[in-house]
>>> print(open('model-v3.txt').read())   # compact mmCIF, C-alpha atoms
# COMPACT_ATOMS: atom_id res chain seq x y z
CA MET A 1 23.64 41.04 24.39
CA ASP A 2 22.94 41.20 20.66
CA TYR A 3 24.09 44.77 20.39
CA ALA A 4 26.92 44.54 22.91
CA LEU A 5 29.58 44.54 20.22
CA TYR A 6 28.08 47.61 18.55
CA ILE A 7 27.93 49.45 21.85
CA ILE A 8 31.57 48.64 22.60
CA ALA A 9 32.76 49.50 19.09
CA LEU A 10 30.81 52.76 18.89
CA THR A 11 31.86 53.85 22.38
CA LEU A 12 35.53 53.30 21.58
CA LEU A 13 35.04 54.96 18.20
CA GLY A 14 33.55 57.98 20.00
CA ILE A 15 36.48 58.19 22.42
CA SER A 16 38.88 57.82 19.52
CA PHE A 17 37.15 60.58 17.59
CA PHE A 18 37.24 62.86 20.60
CA LYS A 19 40.97 62.28 21.03
CA ASN A 20 42.10 62.36 17.43
CA LYS A 21 39.91 62.90 14.39
CA MET A 22 42.61 62.03 11.88
CA LYS A 23 43.48 58.73 13.51
CA THR A 24 39.82 57.81 13.77
CA LYS A 25 39.30 58.47 10.10
CA GLN A 26 42.33 56.34 9.36
CA ALA A 27 40.96 53.54 11.57
CA LEU A 28 37.63 53.56 9.75
CA LYS A 29 39.40 53.49 6.41
CA LYS A 30 41.42 50.49 7.50
CA ALA A 31 38.30 48.80 8.85
CA TRP A 32 36.50 49.26 5.55
CA LYS A 33 39.44 48.06 3.49
CA ALA A 34 39.89 44.93 5.61
CA PHE A 35 36.16 44.25 5.38
CA GLU A 36 35.89 44.77 1.65
CA ASN A 37 38.92 42.58 1.15
CA ILE A 38 37.16 39.54 2.59
CA LEU A 39 33.58 40.39 1.59
CA PRO A 40 33.39 38.18 -1.55
CA GLU A 41 34.34 35.11 0.49
CA PHE A 42 31.95 36.11 3.30
CA LEU A 43 29.01 36.32 0.94
CA VAL A 44 29.64 32.91 -0.60
CA VAL A 45 30.16 31.27 2.78
CA ILE A 46 26.95 32.69 4.17
CA ALA A 47 24.98 31.55 1.13
CA LEU A 48 26.40 28.02 1.29
CA VAL A 49 25.82 27.72 5.01
CA SER A 50 22.22 28.82 4.62
CA PHE A 51 21.71 26.22 1.94
CA LEU A 52 23.06 23.48 4.22
CA LEU A 53 20.88 24.64 7.10
CA ALA A 54 17.82 24.55 4.87
CA VAL A 55 18.51 21.02 3.67
CA VAL A 56 19.54 19.33 6.92
CA GLU A 57 16.69 18.76 9.39
CA PRO A 58 17.39 18.64 13.16
CA ALA A 59 15.18 15.52 13.48
CA PHE A 60 17.39 13.76 10.98
CA ILE A 61 20.51 14.69 12.94
CA ALA A 62 19.02 13.45 16.22
CA GLN A 63 18.24 10.13 14.59
CA VAL A 64 21.72 9.71 13.15
CA ILE A 65 23.57 10.54 16.36
CA GLY A 66 21.38 8.70 18.88
CA SER A 67 22.79 7.51 22.21
CA GLU A 68 22.96 3.93 20.90
CA SER A 69 24.80 4.91 17.73
CA GLY A 70 28.28 4.38 19.23
CA TRP A 71 31.39 5.35 17.29
CA THR A 72 29.51 5.34 13.99
CA GLY A 73 27.32 8.06 15.49
CA VAL A 74 30.42 9.91 16.70
CA ILE A 75 31.98 9.82 13.23
CA LEU A 76 28.78 11.05 11.62
CA ALA A 77 28.44 13.74 14.29
CA THR A 78 31.97 15.02 13.67
CA LEU A 79 31.28 15.14 9.93
CA ILE A 80 28.00 17.01 10.35
CA GLY A 81 29.66 19.44 12.75
CA ALA A 82 32.58 19.96 10.38
CA VAL A 83 30.51 20.94 7.37
CA THR A 84 27.90 23.04 9.15
CA LEU A 85 28.33 26.48 10.57
CA ILE A 86 25.60 27.39 13.00
CA PRO A 87 25.81 30.47 15.23
CA GLY A 88 26.26 29.52 18.89
CA PHE A 89 22.99 30.84 20.15
CA VAL A 90 21.21 28.65 17.61
CA ALA A 91 23.58 25.70 18.03
CA PHE A 92 23.22 25.20 21.77
CA PRO A 93 19.43 25.28 21.97
CA THR A 94 19.46 22.95 18.94
CA ALA A 95 21.89 20.64 20.74
CA ALA A 96 19.60 20.66 23.77
CA LEU A 97 16.72 19.65 21.50
CA LEU A 98 18.85 16.91 19.96
CA LEU A 99 19.61 15.63 23.45
CA GLN A 100 15.89 15.47 24.26
CA GLY A 101 15.34 13.88 20.87
CA GLY A 102 17.59 10.98 21.84
CA ALA A 103 21.08 12.06 20.81
CA GLY A 104 23.89 10.70 23.00
CA TYR A 105 26.30 12.82 25.07
CA MET A 106 29.37 11.38 23.37
CA GLN A 107 27.94 12.08 19.91
CA LEU A 108 26.84 15.57 20.93
CA GLY A 109 30.34 16.25 22.26
CA ALA A 110 31.72 15.30 18.86
CA PHE A 111 29.14 17.45 17.08
CA ILE A 112 29.63 20.56 19.23
CA SER A 113 33.41 20.26 19.11
CA THR A 114 33.75 20.05 15.33
CA LEU A 115 30.96 22.56 14.88
CA MET A 116 33.00 25.15 16.74
CA MET A 117 36.54 24.20 15.78
CA VAL A 118 36.31 22.81 12.26
CA GLY A 119 35.02 24.89 9.39
CA ILE A 120 34.97 23.29 5.98
CA VAL A 121 32.82 25.99 4.41
CA THR A 122 34.91 28.77 5.90
CA LEU A 123 38.14 27.31 4.48
CA PRO A 124 38.24 29.94 1.68
CA ILE A 125 38.35 32.69 4.34
CA GLU A 126 40.85 30.91 6.56
CA GLN A 127 43.06 30.10 3.60
CA LYS A 128 43.27 33.73 2.63
CA TYR A 129 44.90 34.62 5.95
CA PHE A 130 46.72 31.42 6.88
CA GLY A 131 47.43 29.71 3.59
CA LEU A 132 45.93 26.42 2.41
CA LYS A 133 48.43 24.15 4.14
CA LEU A 134 48.05 25.60 7.61
CA ALA A 135 44.28 25.92 7.26
CA MET A 136 44.04 22.24 6.33
CA TYR A 137 46.31 21.25 9.22
CA ARG A 138 44.37 23.32 11.72
CA ASN A 139 41.07 21.84 10.65
CA GLY A 140 42.56 18.33 10.53
CA PHE A 141 44.03 18.57 14.03
CA ALA A 142 40.80 20.04 15.39
CA PHE A 143 38.84 17.23 13.72
CA LEU A 144 40.99 14.53 15.32
CA PHE A 145 40.96 16.34 18.65
CA SER A 146 37.15 16.28 18.60
CA PHE A 147 37.24 12.49 18.91
CA LEU A 148 39.18 12.86 22.12
CA VAL A 149 36.63 15.41 23.32
CA ALA A 150 33.80 13.03 22.43
CA TYR A 151 35.49 10.11 24.20
CA THR A 152 36.11 12.14 27.35
CA ILE A 153 32.58 13.49 27.44
CA GLY A 154 31.22 9.98 26.81
CA MET A 155 33.26 8.66 29.76
CA VAL A 156 32.57 11.49 32.19
CA VAL A 157 29.19 13.10 31.59
CA PRO A 158 26.68 10.17 31.65
CA ASN A 159 28.14 9.04 34.98
CA LEU A 160 27.67 12.37 36.73
CA MET B 161 33.17 47.28 -12.82
CA LYS B 162 34.68 44.27 -14.55
CA LYS B 163 37.15 43.97 -11.72
CA ILE B 164 34.36 43.97 -9.15
CA LEU B 165 32.43 41.34 -11.08
CA LEU B 166 35.51 39.18 -11.25
CA ARG B 167 36.08 39.36 -7.50
CA TYR B 168 32.47 38.50 -6.78
CA LYS B 169 32.13 35.84 -9.45
CA ALA B 170 31.67 32.98 -6.95
CA PHE B 171 28.90 34.90 -5.22
CA VAL B 172 27.23 35.67 -8.54
CA ALA B 173 27.40 31.96 -9.40
CA VAL B 174 25.86 30.92 -6.08
CA SER B 175 23.10 33.54 -6.42
CA SER B 176 22.27 32.24 -9.89
CA LEU B 177 22.01 28.71 -8.50
CA PHE B 178 19.63 29.99 -5.82
CA ILE B 179 17.43 31.55 -8.49
CA LEU B 180 17.40 28.25 -10.38
CA LEU B 181 16.51 26.44 -7.17
CA LEU B 182 13.66 28.89 -6.60
CA ILE B 183 12.31 28.07 -10.07
CA TYR B 184 12.60 24.30 -9.78
CA ASN B 185 11.75 23.83 -6.11
CA TYR B 186 9.99 26.90 -4.84
CA ALA B 187 9.46 25.67 -1.27
CA LEU B 188 13.10 24.71 -0.71
CA GLY B 189 14.30 27.82 -2.54
CA LEU B 190 12.21 30.04 -0.31
CA LYS B 191 13.50 28.25 2.78
CA VAL B 192 17.09 28.76 1.64
CA LEU B 193 16.47 32.45 0.96
CA THR B 194 14.78 32.97 4.32
CA ILE B 195 17.70 31.38 6.12
CA THR B 196 20.16 33.38 4.00
CA ALA B 197 18.42 36.61 4.97
CA TYR B 198 18.55 35.55 8.61
CA SER B 199 22.25 34.70 8.34
CA PHE B 200 23.00 38.09 6.80
CA LYS B 201 21.27 39.80 9.69
CA GLU B 202 23.37 37.66 11.99
CA MET B 203 26.52 38.71 10.16
CA LEU B 204 25.57 42.38 10.34
CA LEU B 205 25.25 42.06 14.12
CA VAL B 206 28.85 40.97 14.64
CA ILE B 207 31.03 41.65 11.63
CA PRO B 208 30.97 45.45 11.22
CA PRO B 209 31.82 46.18 14.88
CA ILE B 210 34.62 43.58 14.76
CA PHE B 211 36.16 45.41 11.83
CA ILE B 212 35.75 48.81 13.50
CA LEU B 213 37.52 47.46 16.61
CA LEU B 214 40.17 46.01 14.35
CA GLY B 215 40.75 49.40 12.69
CA LEU B 216 40.98 51.13 16.06
CA LEU B 217 43.38 48.46 17.34
CA ASP B 218 45.54 48.95 14.29
CA VAL B 219 45.72 52.72 14.67
CA TRP B 220 45.93 53.11 18.46
CA ILE B 221 47.96 50.17 19.76
CA PRO B 222 51.64 50.74 19.02
CA LYS B 223 53.63 47.83 17.71
CA GLU B 224 55.93 47.95 20.75
CA THR B 225 53.01 47.34 23.12
CA MET B 226 51.88 44.32 21.14
CA VAL B 227 55.39 42.89 20.88
CA LYS B 228 55.90 43.35 24.59
CA HIS B 229 52.71 41.53 25.59
CA LEU B 230 52.26 38.97 22.81
CA GLY B 231 55.65 38.93 21.07
CA PRO B 232 58.47 36.39 20.98
CA ASN B 233 59.50 37.06 24.59
CA SER B 234 56.03 37.30 26.10
CA GLY B 235 56.28 33.81 27.65
CA PHE B 236 53.54 32.41 29.85
CA LYS B 237 51.83 35.79 30.21
CA GLY B 238 51.58 35.98 26.43
CA ILE B 239 49.85 32.60 26.32
CA LEU B 240 47.39 33.66 29.02
CA LEU B 241 46.65 36.94 27.31
CA SER B 242 46.08 35.21 23.95
CA PHE B 243 43.66 32.84 25.63
CA PHE B 244 41.85 35.70 27.26
CA LEU B 245 41.63 37.80 24.08
CA GLY B 246 40.22 34.87 22.10
CA SER B 247 37.78 33.84 24.82
CA ALA B 248 36.48 37.35 25.41
CA ALA B 249 35.59 37.64 21.73
CA SER B 250 32.21 37.07 20.25
CA GLY B 251 31.12 36.18 16.78
CA PRO B 252 31.87 33.27 14.48
CA LEU B 253 35.37 31.92 13.90
CA TYR B 254 35.74 33.59 10.52
CA GLY B 255 35.73 36.92 12.38
CA ALA B 256 38.93 35.86 14.13
CA PHE B 257 41.07 35.59 11.00
CA PRO B 258 41.20 39.32 10.11
CA VAL B 259 41.97 40.10 13.75
CA ALA B 260 44.78 37.52 13.64
CA ALA B 261 46.17 39.34 10.60
CA VAL B 262 46.40 42.60 12.56
CA LEU B 263 48.06 40.77 15.48
CA MET B 264 50.62 39.35 13.04
CA LYS B 265 51.25 42.75 11.56
CA LYS B 266 51.85 44.17 15.02
CA GLY B 267 54.41 41.50 15.83
CA ALA B 268 52.57 38.96 17.98
CA LYS B 269 54.24 35.57 18.26
CA PHE B 270 52.92 32.91 15.89
CA SER B 271 52.05 30.36 18.58
CA ASN B 272 50.15 33.06 20.49
CA ILE B 273 48.13 33.87 17.39
CA LEU B 274 47.27 30.20 17.01
CA ILE B 275 46.20 30.03 20.65
CA PHE B 276 44.08 33.11 20.09
CA ILE B 277 42.40 31.40 17.10
CA GLY B 278 41.85 28.22 19.12
CA ALA B 279 40.33 30.11 22.03
CA TRP B 280 38.10 32.13 19.73
CA SER B 281 36.89 28.93 18.09
CA THR B 282 35.84 27.07 21.17
CA THR B 283 36.31 28.66 24.61
CA LYS B 284 34.41 31.92 24.11
CA ILE B 285 32.98 33.04 27.42
CA PRO B 286 29.51 34.04 26.12
CA MET B 287 29.25 30.67 24.36
CA PHE B 288 30.37 28.82 27.48
CA LEU B 289 27.49 30.37 29.41
CA PHE B 290 25.13 29.30 26.67
CA GLU B 291 26.52 25.78 26.69
CA LEU B 292 26.22 25.63 30.47
CA THR B 293 22.51 26.42 30.40
CA SER B 294 21.63 24.26 27.37
CA LEU B 295 23.69 21.11 27.93
CA GLY B 296 24.42 21.25 31.63
CA ALA B 297 27.49 21.96 33.76
CA PRO B 298 29.15 18.50 33.46
CA PHE B 299 29.14 18.71 29.65
CA ALA B 300 30.29 22.33 29.41
CA ILE B 301 32.98 22.09 32.10
CA THR B 302 34.39 18.77 30.85
CA ARG B 303 34.66 20.22 27.37
CA LEU B 304 36.32 23.40 28.64
CA LEU B 305 38.86 21.47 30.71
CA ILE B 306 39.92 19.30 27.81
CA ASN B 307 39.88 22.21 25.35
CA ILE B 308 42.41 24.32 27.25
CA PRO B 309 45.33 21.86 26.88
CA GLY B 310 43.97 20.86 23.46
CA ILE B 311 44.19 24.39 22.10
CA ILE B 312 47.76 24.81 23.32
CA ILE B 313 48.88 21.45 21.93
CA ILE B 314 47.23 22.14 18.56
CA ALA B 315 48.84 25.60 18.44
CA TYR B 316 52.34 24.22 19.01
CA ALA B 317 51.75 21.33 16.62
CA LEU B 318 50.71 23.80 13.93
CA GLU B 319 53.81 25.88 14.58
CA LYS B 320 55.90 22.70 14.24
CA VAL B 321 54.47 21.75 10.84
CA SER B 322 55.11 25.23 9.41
CA SER B 323 58.55 26.16 8.18
CA LYS B 324 60.13 29.50 9.12
CA ALA B 325 59.75 30.66 5.53
CA GLU B 326 56.04 29.80 5.49
CA ILE B 327 55.45 31.72 8.70
CA ALA B 328 57.39 34.69 7.34
CA GLU B 329 55.23 34.65 4.24
CA LEU B 330 52.03 34.66 6.32
CA TYR B 331 53.35 37.66 8.24
CA SER B 332 54.08 39.60 5.07
CA ASN B 333 50.66 38.61 3.71
CA ALA B 334 49.05 39.94 6.87
CA LYS B 335 50.59 43.35 6.22
CA LYS B 336 48.98 43.40 2.82
CA TYR B 337 45.54 42.56 4.20
CA SER B 338 45.35 45.19 6.87
CA ASP B 339 47.01 48.25 5.40
>>> encode(input="model-v3.txt", output="structure tokens")
Amino acid sequence: MDYALYIIALTLLGISFFKNKMKTKQALKKAWKAFENILPEFLVVIALVSFLLAVVEPAFIAQVIGSESGWTGVILATLIGAVTLIPGFVAFPTAALLLQGGAGYMQLGAFISTLMMVGIVTLPIEQKYFGLKLAMYRNGFAFLFSFLVAYTIGMVVPNL
Amino acid sequence: MKKILLRYKAFVAVSSLFILLLIYNYALGLKVLTITAYSFKEMLLVIPPIFILLGLLDVWIPKETMVKHLGPNSGFKGILLSFFLGSAASGPLYGAFPVAAVLMKKGAKFSNILIFIGAWSTTKIPMFLFELTSLGAPFAITRLLINIPGIIIIAYALEKVSSKAEIAELYSNAKKYSD
């Protein structure tokens, strides 16, 4: 699973090379240029995210977004989700732990939703491709939408 | 050299802060560095292949094909395909933006690109499976069902708030970033 992307990319690269060496070389050149173009932003984002992850403890999050925390908990959960950027295969097991630790479904819905859709720390990258205005709007809409997600999950999931 | 330093100045600044942190609070500094190293490994697992795929896409898929399937007249099929492309992806959301730039360059419709971004952010199939096993089917399915209309509504709302000139500028920017 971890290497699936590499396997796909290298297989297609191999086929491409077999079919047309020149085009393949051109593709790699483009890939490198696109990568180098965004690398400075990538590096900063990764460093900032790591800092946040080191400072924020899961136990603290579970406490803040407990099942009795209501809308205050939802608001805090959306904010935590918006500023953090945790890879999915860390995020979901963490969310499961938070649930066992006493976090509520509605609050977790808010957390997961903003975690995936809203990226404050990745704004510099998004802005580069979509402009500041649209990046702000996208994150703003996704942030508001997450409350609807939380509400729906809070209504539906505990009763199932 | 000076040019490189200028481009990476924010990263140099952050690295210096990390060194200061290491001096003043060794335990926290070490924790931050360990997590940073882990995150870099994580990035190396997904980012390079995404860019290779992006390069191949750029070279091999003719503009006409893209316009036909995702362009202004692609209709409902275009929406479905955008959803599928975004959901089949893997890797963090910031990986989606360079891909979106190539889609723009190749003439995909703006709303379809926004749907693609929305799907990449939150309805990725590998992540859905993860969610299903960690938080249970009711949670994962409820979220998926509300996300599908949500992504489409957000995409069209974003298109509404952007002027034609702004969209045109993004498209010409995209050319610059992927040539």
>>> closest_residue(input="model-v3.txt", among="B:Phe243, B:Tyr331, B:Phe299, B:Phe270", to="Glu319 (chain B)", atoms="only C-alpha atoms")
B:Phe270
>>> closest_residue(input="model-v3.txt", among="B:Pro298, B:Gly246, B:Pro222, B:Pro286", to="chain A", atoms="all atoms listed in the file")
B:Pro298
>>> residues_around(input="model-v3.txt", residues="region 113-127 of chain A", least_positions_apart="4", cutoff="7 Å", atoms="all atoms listed in the file", output="list of chain:residue names")
A:Glu41, A:Val45, A:Thr78, A:Gly81, A:Ala82, A:Val83, A:Thr84, A:Leu85, A:Gly109, A:Gly131, A:Leu132, A:Ala135, A:Asn139, A:Ala142, A:Phe143, A:Ser146, B:Tyr254, B:Phe257, B:Ser281, B:Thr282
>>> interface_residues(input="model-v3.txt", of="chain B", to="chain A", cutoff="7 Å", atoms="all atoms listed in the file", output="JSON, numbers by chain")
{"B": [167, 168, 170, 171, 174, 191, 192, 195, 196, 199, 205, 206, 209, 211, 212, 213, 214, 215, 216, 219, 252, 254, 257, 261, 281, 282, 287, 290, 291, 294, 295, 298, 299, 302, 303, 306, 314, 318, 330, 334, 337, 338, 339]}
>>> residues_around(input="model-v3.txt", residues="Pro232 (chain B)", least_positions_apart="5", cutoff="9 Å", atoms="all atoms listed in the file", output="PDB file with C-alpha atoms, keeping the file's coordinate frame")
ATOM      1  CA  VAL B 227      55.390  42.890  20.880  1.00  0.00           C
ATOM      2  CA  GLY B 238      51.580  35.980  26.430  1.00  0.00           C
ATOM      3  CA  GLY B 267      54.410  41.500  15.830  1.00  0.00           C
ATOM      4  CA  ALA B 268      52.570  38.960  17.980  1.00  0.00           C
ATOM      5  CA  LYS B 269      54.240  35.570  18.260  1.00  0.00           C
ATOM      6  CA  PHE B 270      52.920  32.910  15.890  1.00  0.00           C
ATOM      7  CA  ASN B 272      50.150  33.060  20.490  1.00  0.00           C
TER       8      ASN B 272
END
>>> closest_residue(input="model-v3.txt", among="B:Ser271, B:Ser247, B:Ser323, B:Asn333", to="Leu304 (chain B)", atoms="all atoms listed in the file")
B:Ser247
>>> closest_residue(input="model-v3.txt", among="A:Met136, A:Ile80, A:Phe18, A:Gly73", to="Val56 (chain A)", atoms="all atoms listed in the file")
A:Ile80
